[in-house]
file model37.csv (CSV, C-alpha atoms)
chain,number,residue,atom,x,y,z
A,1,MET,CA,58.0,29.7,81.6
A,2,ASP,CA,59.1,33.3,82.3
A,3,ALA,CA,62.5,34.8,83.1
A,4,ALA,CA,61.9,34.2,86.8
A,5,ASP,CA,61.4,30.5,86.2
A,6,ASN,CA,57.7,30.6,87.0
A,7,VAL,CA,55.8,27.9,85.2
A,8,TYR,CA,52.5,28.5,83.4
A,9,VAL,CA,50.0,25.8,82.5
A,10,LEU,CA,46.9,26.0,80.3
A,11,ASP,CA,43.8,24.0,81.0
A,12,LEU,CA,42.5,23.4,77.5
A,13,TYR,CA,39.2,21.9,78.5
A,14,TYR,CA,38.2,24.6,81.1
A,15,GLY,CA,39.8,27.6,79.5
A,16,GLN,CA,42.0,28.4,82.5
A,17,VAL,CA,45.6,29.6,83.0
A,18,TRP,CA,47.6,28.6,86.0
A,19,LYS,CA,50.9,29.9,87.4
A,20,MET,CA,53.3,27.9,89.6
A,21,ALA,CA,55.7,30.4,91.1
A,22,ASP,CA,59.3,29.2,91.3
A,23,GLY,CA,60.0,27.3,94.5
A,24,THR,CA,56.3,26.8,95.4
A,25,THR,CA,54.0,23.8,95.2
A,26,THR,CA,50.6,25.4,94.9
A,27,PRO,CA,49.5,26.9,91.5
A,28,LYS,CA,47.5,30.1,91.3
A,29,ARG,CA,44.8,30.7,88.7
A,30,LEU,CA,45.3,33.8,86.7
A,31,PRO,CA,42.4,36.2,85.7
A,32,TYR,CA,41.9,35.1,82.1
A,33,ASN,CA,38.1,34.9,82.2
A,34,GLY,CA,36.0,33.9,79.3
A,35,LEU,CA,38.6,31.9,77.5
A,36,GLY,CA,37.3,29.5,74.9
A,37,ARG,CA,40.3,27.2,74.0
A,38,ALA,CA,43.6,28.3,75.4
A,39,VAL,CA,46.3,26.9,73.2
A,40,ASP,CA,49.6,28.5,74.0
A,41,VAL,CA,51.3,30.9,76.4
A,42,ALA,CA,54.3,33.1,76.4
A,43,ALA,CA,55.9,35.7,78.8
A,44,ASP,CA,58.0,38.7,78.1
A,45,PRO,CA,60.9,40.0,80.3
A,46,ALA,CA,58.6,42.6,81.9
A,47,GLY,CA,56.3,39.8,83.2
A,48,ASN,CA,53.5,40.4,80.7
A,49,LEU,CA,51.7,37.2,79.8
A,50,TYR,CA,50.3,36.4,76.4
A,51,VAL,CA,47.7,33.6,75.8
A,52,THR,CA,46.1,32.5,72.6
A,53,ASP,CA,42.4,31.7,72.5
A,54,ASP,CA,41.9,29.6,69.4
A,55,ASP,CA,38.1,29.3,70.0
A,56,LYS,CA,37.7,33.1,69.7
A,57,ASN,CA,40.7,33.7,67.4
A,58,ARG,CA,42.4,36.2,69.6
A,59,VAL,CA,45.6,36.9,71.6
A,60,LEU,CA,45.2,38.2,75.1
A,61,LYS,CA,47.9,40.1,77.1
A,62,LEU,CA,47.8,40.3,80.9
A,63,THR,CA,50.0,43.0,82.5
A,64,PRO,CA,51.3,42.3,86.1
A,65,GLY,CA,49.1,43.6,88.8
A,66,THR,CA,46.0,43.9,86.6
A,67,MET,CA,42.9,41.8,86.7
A,68,SER,CA,41.7,42.0,83.1
A,69,PRO,CA,43.7,41.1,80.0
A,70,THR,CA,43.6,43.2,76.8
A,71,VAL,CA,43.1,41.8,73.3
A,72,LEU,CA,46.0,42.4,70.9
A,73,PRO,CA,45.3,43.7,67.4
A,74,PHE,CA,45.8,40.4,65.5
A,75,THR,CA,42.8,40.5,63.1
A,76,ASP,CA,41.5,37.8,60.8
A,77,LEU,CA,43.3,35.0,62.5
A,78,ASN,CA,42.1,31.6,61.3
A,79,VAL,CA,43.6,28.8,63.5
A,80,ILE,CA,46.1,30.0,66.1
A,81,ALA,CA,48.8,27.4,66.8
A,82,GLY,CA,51.4,29.3,68.9
A,83,VAL,CA,52.6,32.5,70.4
A,84,ALA,CA,56.0,33.9,71.4
A,85,VAL,CA,57.6,37.2,72.5
A,86,ASP,CA,61.1,38.5,72.2
A,87,THR,CA,63.2,40.7,74.5
A,88,ALA,CA,62.1,43.8,72.6
A,89,GLY,CA,58.4,43.0,73.1
A,90,ASN,CA,57.6,41.9,69.6
A,91,VAL,CA,54.8,39.3,69.7
A,92,TYR,CA,54.8,36.4,67.2
A,93,VAL,CA,51.7,34.3,66.4
A,94,SER,CA,51.6,31.3,64.1
A,95,ASP,CA,48.3,31.1,62.2
A,96,SER,CA,48.1,27.5,60.8
A,97,GLY,CA,44.8,28.1,59.2
A,98,ASP,CA,46.2,30.8,56.9
A,99,LYS,CA,49.7,29.3,56.8
A,100,ARG,CA,51.6,32.3,58.1
A,101,VAL,CA,53.6,33.7,61.0
A,102,LEU,CA,52.8,37.2,62.2
A,103,ARG,CA,54.8,39.7,64.2
A,104,LEU,CA,53.3,42.6,66.1
A,105,ALA,CA,55.8,45.3,67.2
A,106,PRO,CA,55.3,47.2,70.5
A,107,GLY,CA,52.7,50.0,70.1
A,108,SER,CA,51.7,48.9,66.6
A,109,ALA,CA,48.1,48.2,65.6
A,110,THR,CA,49.0,46.2,62.5
A,111,PRO,CA,51.1,42.9,62.5
A,112,THR,CA,53.4,42.1,59.6
A,113,THR,CA,53.8,38.7,58.0
A,114,LEU,CA,57.2,37.1,58.2
A,115,PRO,CA,58.8,35.4,55.2
A,116,PHE,CA,58.0,31.8,56.1
A,117,ASN,CA,56.7,30.6,52.7
A,118,ALA,CA,54.8,27.4,52.0
A,119,ILE,CA,54.7,26.5,55.7
A,120,ASP,CA,52.1,24.8,57.8
A,121,PRO,CA,53.1,26.5,61.1
A,122,ASP,CA,52.5,25.1,64.6
A,123,GLY,CA,54.7,26.0,67.6
A,124,VAL,CA,56.8,29.2,67.5
A,125,THR,CA,59.5,30.5,69.7
A,126,VAL,CA,62.3,33.2,69.6
A,127,ASP,CA,65.8,33.3,71.1
A,128,SER,CA,67.7,36.1,72.7
A,129,ASN,CA,69.3,36.9,69.3
A,130,GLY,CA,65.9,37.4,67.7
A,131,ASP,CA,66.0,34.2,65.7
A,132,VAL,CA,62.4,32.9,65.1
A,133,TYR,CA,61.9,29.2,65.2
A,134,VAL,CA,58.7,27.7,63.8
A,135,VAL,CA,57.6,24.1,63.6
A,136,ASP,CA,56.4,23.3,60.0
A,137,SER,CA,54.1,20.4,60.8
A,138,GLY,CA,53.2,19.9,57.2
A,139,ASP,CA,56.7,19.1,56.0
A,140,LYS,CA,57.7,17.7,59.4
A,141,ARG,CA,60.6,20.1,60.0
A,142,VAL,CA,61.7,23.1,62.0
A,143,GLN,CA,62.5,26.4,60.3
A,144,VAL,CA,64.5,29.3,61.7
A,145,LEU,CA,64.5,32.9,60.5
A,146,GLU,CA,67.3,35.2,61.5
A,147,PRO,CA,66.8,38.9,61.9
A,148,GLY,CA,66.8,40.7,58.6
A,149,ALA,CA,66.8,37.5,56.6
A,150,THR,CA,64.3,36.9,53.8
A,151,THR,CA,64.6,33.1,53.7
A,152,PRO,CA,64.5,30.7,56.7
A,153,SER,CA,66.9,27.8,57.1
A,154,ILE,CA,66.0,24.3,58.1
A,155,LEU,CA,67.3,22.7,61.3
A,156,PRO,CA,68.6,19.1,61.1
A,157,PHE,CA,65.7,17.4,62.9
A,158,THR,CA,65.3,14.3,60.8
A,159,GLY,CA,62.8,11.5,61.1
A,160,LEU,CA,60.1,13.6,62.7
A,161,LYS,CA,56.6,12.2,62.4
A,162,ARG,CA,54.3,14.9,63.8
A,163,PRO,CA,56.3,17.8,65.3
A,164,THR,CA,54.2,20.3,67.2
A,165,GLN,CA,56.1,22.5,69.6
A,166,VAL,CA,59.5,24.1,69.9
A,167,ALA,CA,61.6,25.8,72.6
A,168,VAL,CA,65.1,27.2,72.8
A,169,ASP,CA,67.3,27.7,75.9
A,170,THR,CA,69.8,30.5,76.8
A,171,SER,CA,72.6,28.4,75.3
A,172,GLY,CA,70.9,28.0,71.9
A,173,GLN,CA,69.9,24.4,72.3
A,174,VAL,CA,66.6,23.7,70.5
A,175,TYR,CA,63.9,21.3,71.8
A,176,VAL,CA,61.1,19.8,69.7
A,177,VAL,CA,58.1,17.8,70.7
A,178,ASP,CA,57.3,15.0,68.2
A,179,LEU,CA,53.7,14.0,68.9
A,180,GLY,CA,53.9,11.2,66.3
A,181,THR,CA,56.6,9.3,68.2
A,182,ASN,CA,55.8,10.6,71.7
A,183,ARG,CA,59.4,12.0,72.0
A,184,VAL,CA,61.2,15.2,72.9
A,185,LEU,CA,64.4,15.9,70.9
A,186,GLU,CA,67.2,18.2,71.7
A,187,LEU,CA,69.6,19.8,69.2
A,188,ASP,CA,72.7,21.3,70.6
A,189,ARG,CA,74.0,24.5,69.0
A,190,GLY,CA,76.2,23.6,66.0
A,191,ALA,CA,75.2,19.9,66.1
A,192,SER,CA,73.9,18.0,63.1
A,193,VAL,CA,72.1,15.2,64.9
A,194,PRO,CA,69.5,15.7,67.7
A,195,ILE,CA,69.3,13.5,70.8
A,196,VAL,CA,66.2,12.0,72.4
A,197,LEU,CA,65.6,13.2,75.9
A,198,PRO,CA,64.7,10.6,78.6
A,199,PHE,CA,61.0,11.3,78.9
A,200,ASN,CA,59.4,7.9,79.1
A,201,ASP,CA,55.8,6.6,78.9
A,202,LEU,CA,54.5,9.8,77.2
A,203,GLU,CA,51.0,10.0,75.8
A,204,ASP,CA,50.1,13.0,73.6
A,205,PRO,CA,53.0,15.3,74.8
A,206,SER,CA,52.3,18.9,73.9
A,207,SER,CA,54.2,22.0,75.2
A,208,VAL,CA,57.8,22.1,76.1
A,209,ALA,CA,59.8,24.8,78.0
A,210,VAL,CA,63.2,25.4,79.5
A,211,ASP,CA,64.1,27.5,82.5
A,212,SER,CA,67.2,29.6,83.1
A,213,LYS,CA,69.0,26.7,84.7
A,214,GLY,CA,68.4,24.3,81.8
A,215,ASN,CA,65.7,22.2,83.4
A,216,VAL,CA,63.2,21.0,80.7
A,217,TYR,CA,59.4,21.0,81.4
A,218,LEU,CA,56.9,19.0,79.4
A,219,ASN,CA,53.1,18.8,79.3
A,220,ASP,CA,52.2,15.1,79.1
A,221,GLY,CA,48.7,15.6,77.7
A,222,LEU,CA,46.7,12.5,78.2
A,223,HIS,CA,48.4,11.7,81.4
A,224,PHE,CA,47.4,15.1,82.7
A,225,ARG,CA,50.7,15.9,84.3
A,226,ILE,CA,53.7,18.3,84.0
A,227,LEU,CA,57.1,16.6,83.9
A,228,LYS,CA,60.4,18.2,84.8
A,229,LEU,CA,63.7,16.8,83.5
A,230,PRO,CA,66.6,18.2,85.7
A,231,VAL,CA,69.6,19.6,83.8
A,232,GLN,CA,72.3,17.0,83.3
call {"tool": "encode", "arguments": {"input": "model37.csv", "output": "structure tokens"}}
result
Amino acid sequence: MDAADNVYVLDLYYGQVWKMADGTTTPKRLPYNGLGRAVDVAADPAGNLYVTDDDKNRVLKLTPGTMSPTVLPFTDLNVIAGVAVDTAGNVYVSDSGDKRVLRLAPGSATPTTLPFNAIDPDGVTVDSNGDVYVVDSGDKRVQVLEPGATTPSILPFTGLKRPTQVAVDTSGQVYVVDLGTNRVLELDRGASVPIVLPFNDLEDPSSVAVDSKGNVYLNDGLHFRILKLPVQ
């Protein structure tokens, strides 16, 4: 999902990236050629698109109007789980194999490691304030690191079985996919108890995203479909 509410979908099996422009019904394949195993996607405010290729341990950036992505300088990645980008253009990658979360500043050739200690990271996202949210699949929780902080805090998502992906909307509401229970949970800003969203008959849900209007999109993996839950 990008700022213009265009939807991006990864075809894990065929290494393809598709874009469904807002208001259209026909997706367009993007020129990410030679992908091995596309795992996650993120877009920045300028329309640049970032895709993780776990098979080749790399992160690719596609600039609007170009036909060939560039490889970002994330070196020695082990198992890539997620990617996110903030409004300043910093790119975040969760490396579950090495249990770390990396940040690459614009123009930098060397990423830094964020202070998420003793974490088994999966999905990652960042809000408009620069707060970084990471799913800690090992401890079945969601951590958030505020700008300048050295210790993350834990969000009150209790009873998670196998959390995988996380998203946050413009109002600060946080959404988590729990693969272990085939559920999507929403935690309102300031709330202490999440609610379960009415996505029914899910099988292996994976990615979740929210558009500017508050509509929630979900990849229902083994049903090979994208679901949209209109804002209430």
call {"tool": "atom_distance", "arguments": {"input": "model37.csv", "atom1": "CA of Asp178 in chain A", "atom2": "CA of Leu160 in chain A"}}
result
6.3 Å
call {"tool": "residues_near_point", "arguments": {"input": "model37.csv", "point": "(45.4, 27.1, 86.4)", "cutoff": "12 Å", "atoms": "all atoms listed in the file", "output": "list in words"}}
result
Val7, Tyr8, Val9, Leu10, Asp11, Leu12, Tyr13, Tyr14, Gly15, Gln16, Val17, Trp18, Lys19, Met20, Ala21, Thr26, Pro27, Lys28, Arg29, Leu30, Pro31, Tyr32, Asn33 and Ala38 of chain A
call {"tool": "residues_around", "arguments": {"input": "model37.csv", "residues": "Arg189 in chain A", "least_positions_apart": "3", "cutoff": "12 Å", "atoms": "only C-alpha atoms", "output": "ChimeraX atom specification"}}
result
/A:155-156,168-175,186,192-194
call {"tool": "residues_around", "arguments": {"input": "model37.csv", "residues": "Leu72 in chain A", "least_positions_apart": "3", "cutoff": "12 Å", "atoms": "only C-alpha atoms", "output": "list in words"}}
result
Leu49, Tyr50, Val51, Thr52, Asp53, Asn57, Arg58, Val59, Leu60, Lys61, Leu62, Pro69, Thr75, Asp76, Leu77, Val83, Asn90, Val91, Tyr92, Val93, Arg103, Leu104, Ala105, Pro106, Gly107, Ser108, Ala109, Thr110 and Pro111 of chain A
call {"tool": "closest_residue", "arguments": {"input": "model37.csv", "among": "A:Gly65, A:Pro73, A:Pro115, A:Pro45", "to": "Ala88 in chain A", "atoms": "only C-alpha atoms"}}
result
A:Pro45
call {"tool": "atom_distance", "arguments": {"input": "model37.csv", "atom1": "CA of Ala4 in chain A", "atom2": "CA of Asp131 in chain A"}}
result
21.5 Å
call {"tool": "residues_near_point", "arguments": {"input": "model37.csv", "point": "(53.6, 12.2, 72.3)", "cutoff": "6 Å", "atoms": "all atoms listed in the file", "output": "list of chain:residue names"}}
result
A:Leu179, A:Thr181, A:Asn182, A:Arg183, A:Leu202, A:Glu203, A:Asp204, A:Pro205
call {"tool": "write_last_selection", "arguments": {"input": "model37.csv", "atoms": "C-alpha atoms", "output": "compact mmCIF listing (two decimals), in the coordinates of the input"}}
result
# COMPACT_ATOMS: atom_id res chain seq x y z
CA LEU A 179 53.70 14.00 68.90
CA THR A 181 56.60 9.30 68.20
CA ASN A 182 55.80 10.60 71.70
CA ARG A 183 59.40 12.00 72.00
CA LEU A 202 54.50 9.80 77.20
CA GLU A 203 51.00 10.00 75.80
CA ASP A 204 50.10 13.00 73.60
CA PRO A 205 53.00 15.30 74.80
call {"tool": "closest_residue", "arguments": {"input": "model37.csv", "among": "A:Ile226, A:Thr113, A:Ala46, A:Val231", "to": "Ser212 in chain A", "atoms": "only C-alpha atoms"}}
result
A:Val231
call {"tool": "closest_residue", "arguments": {"input": "model37.csv", "among": "A:Thr24, A:Asn200, A:Thr164, A:Ser153", "to": "Asp120 in chain A", "atoms": "all atoms listed in the file"}}
result
A:Thr164
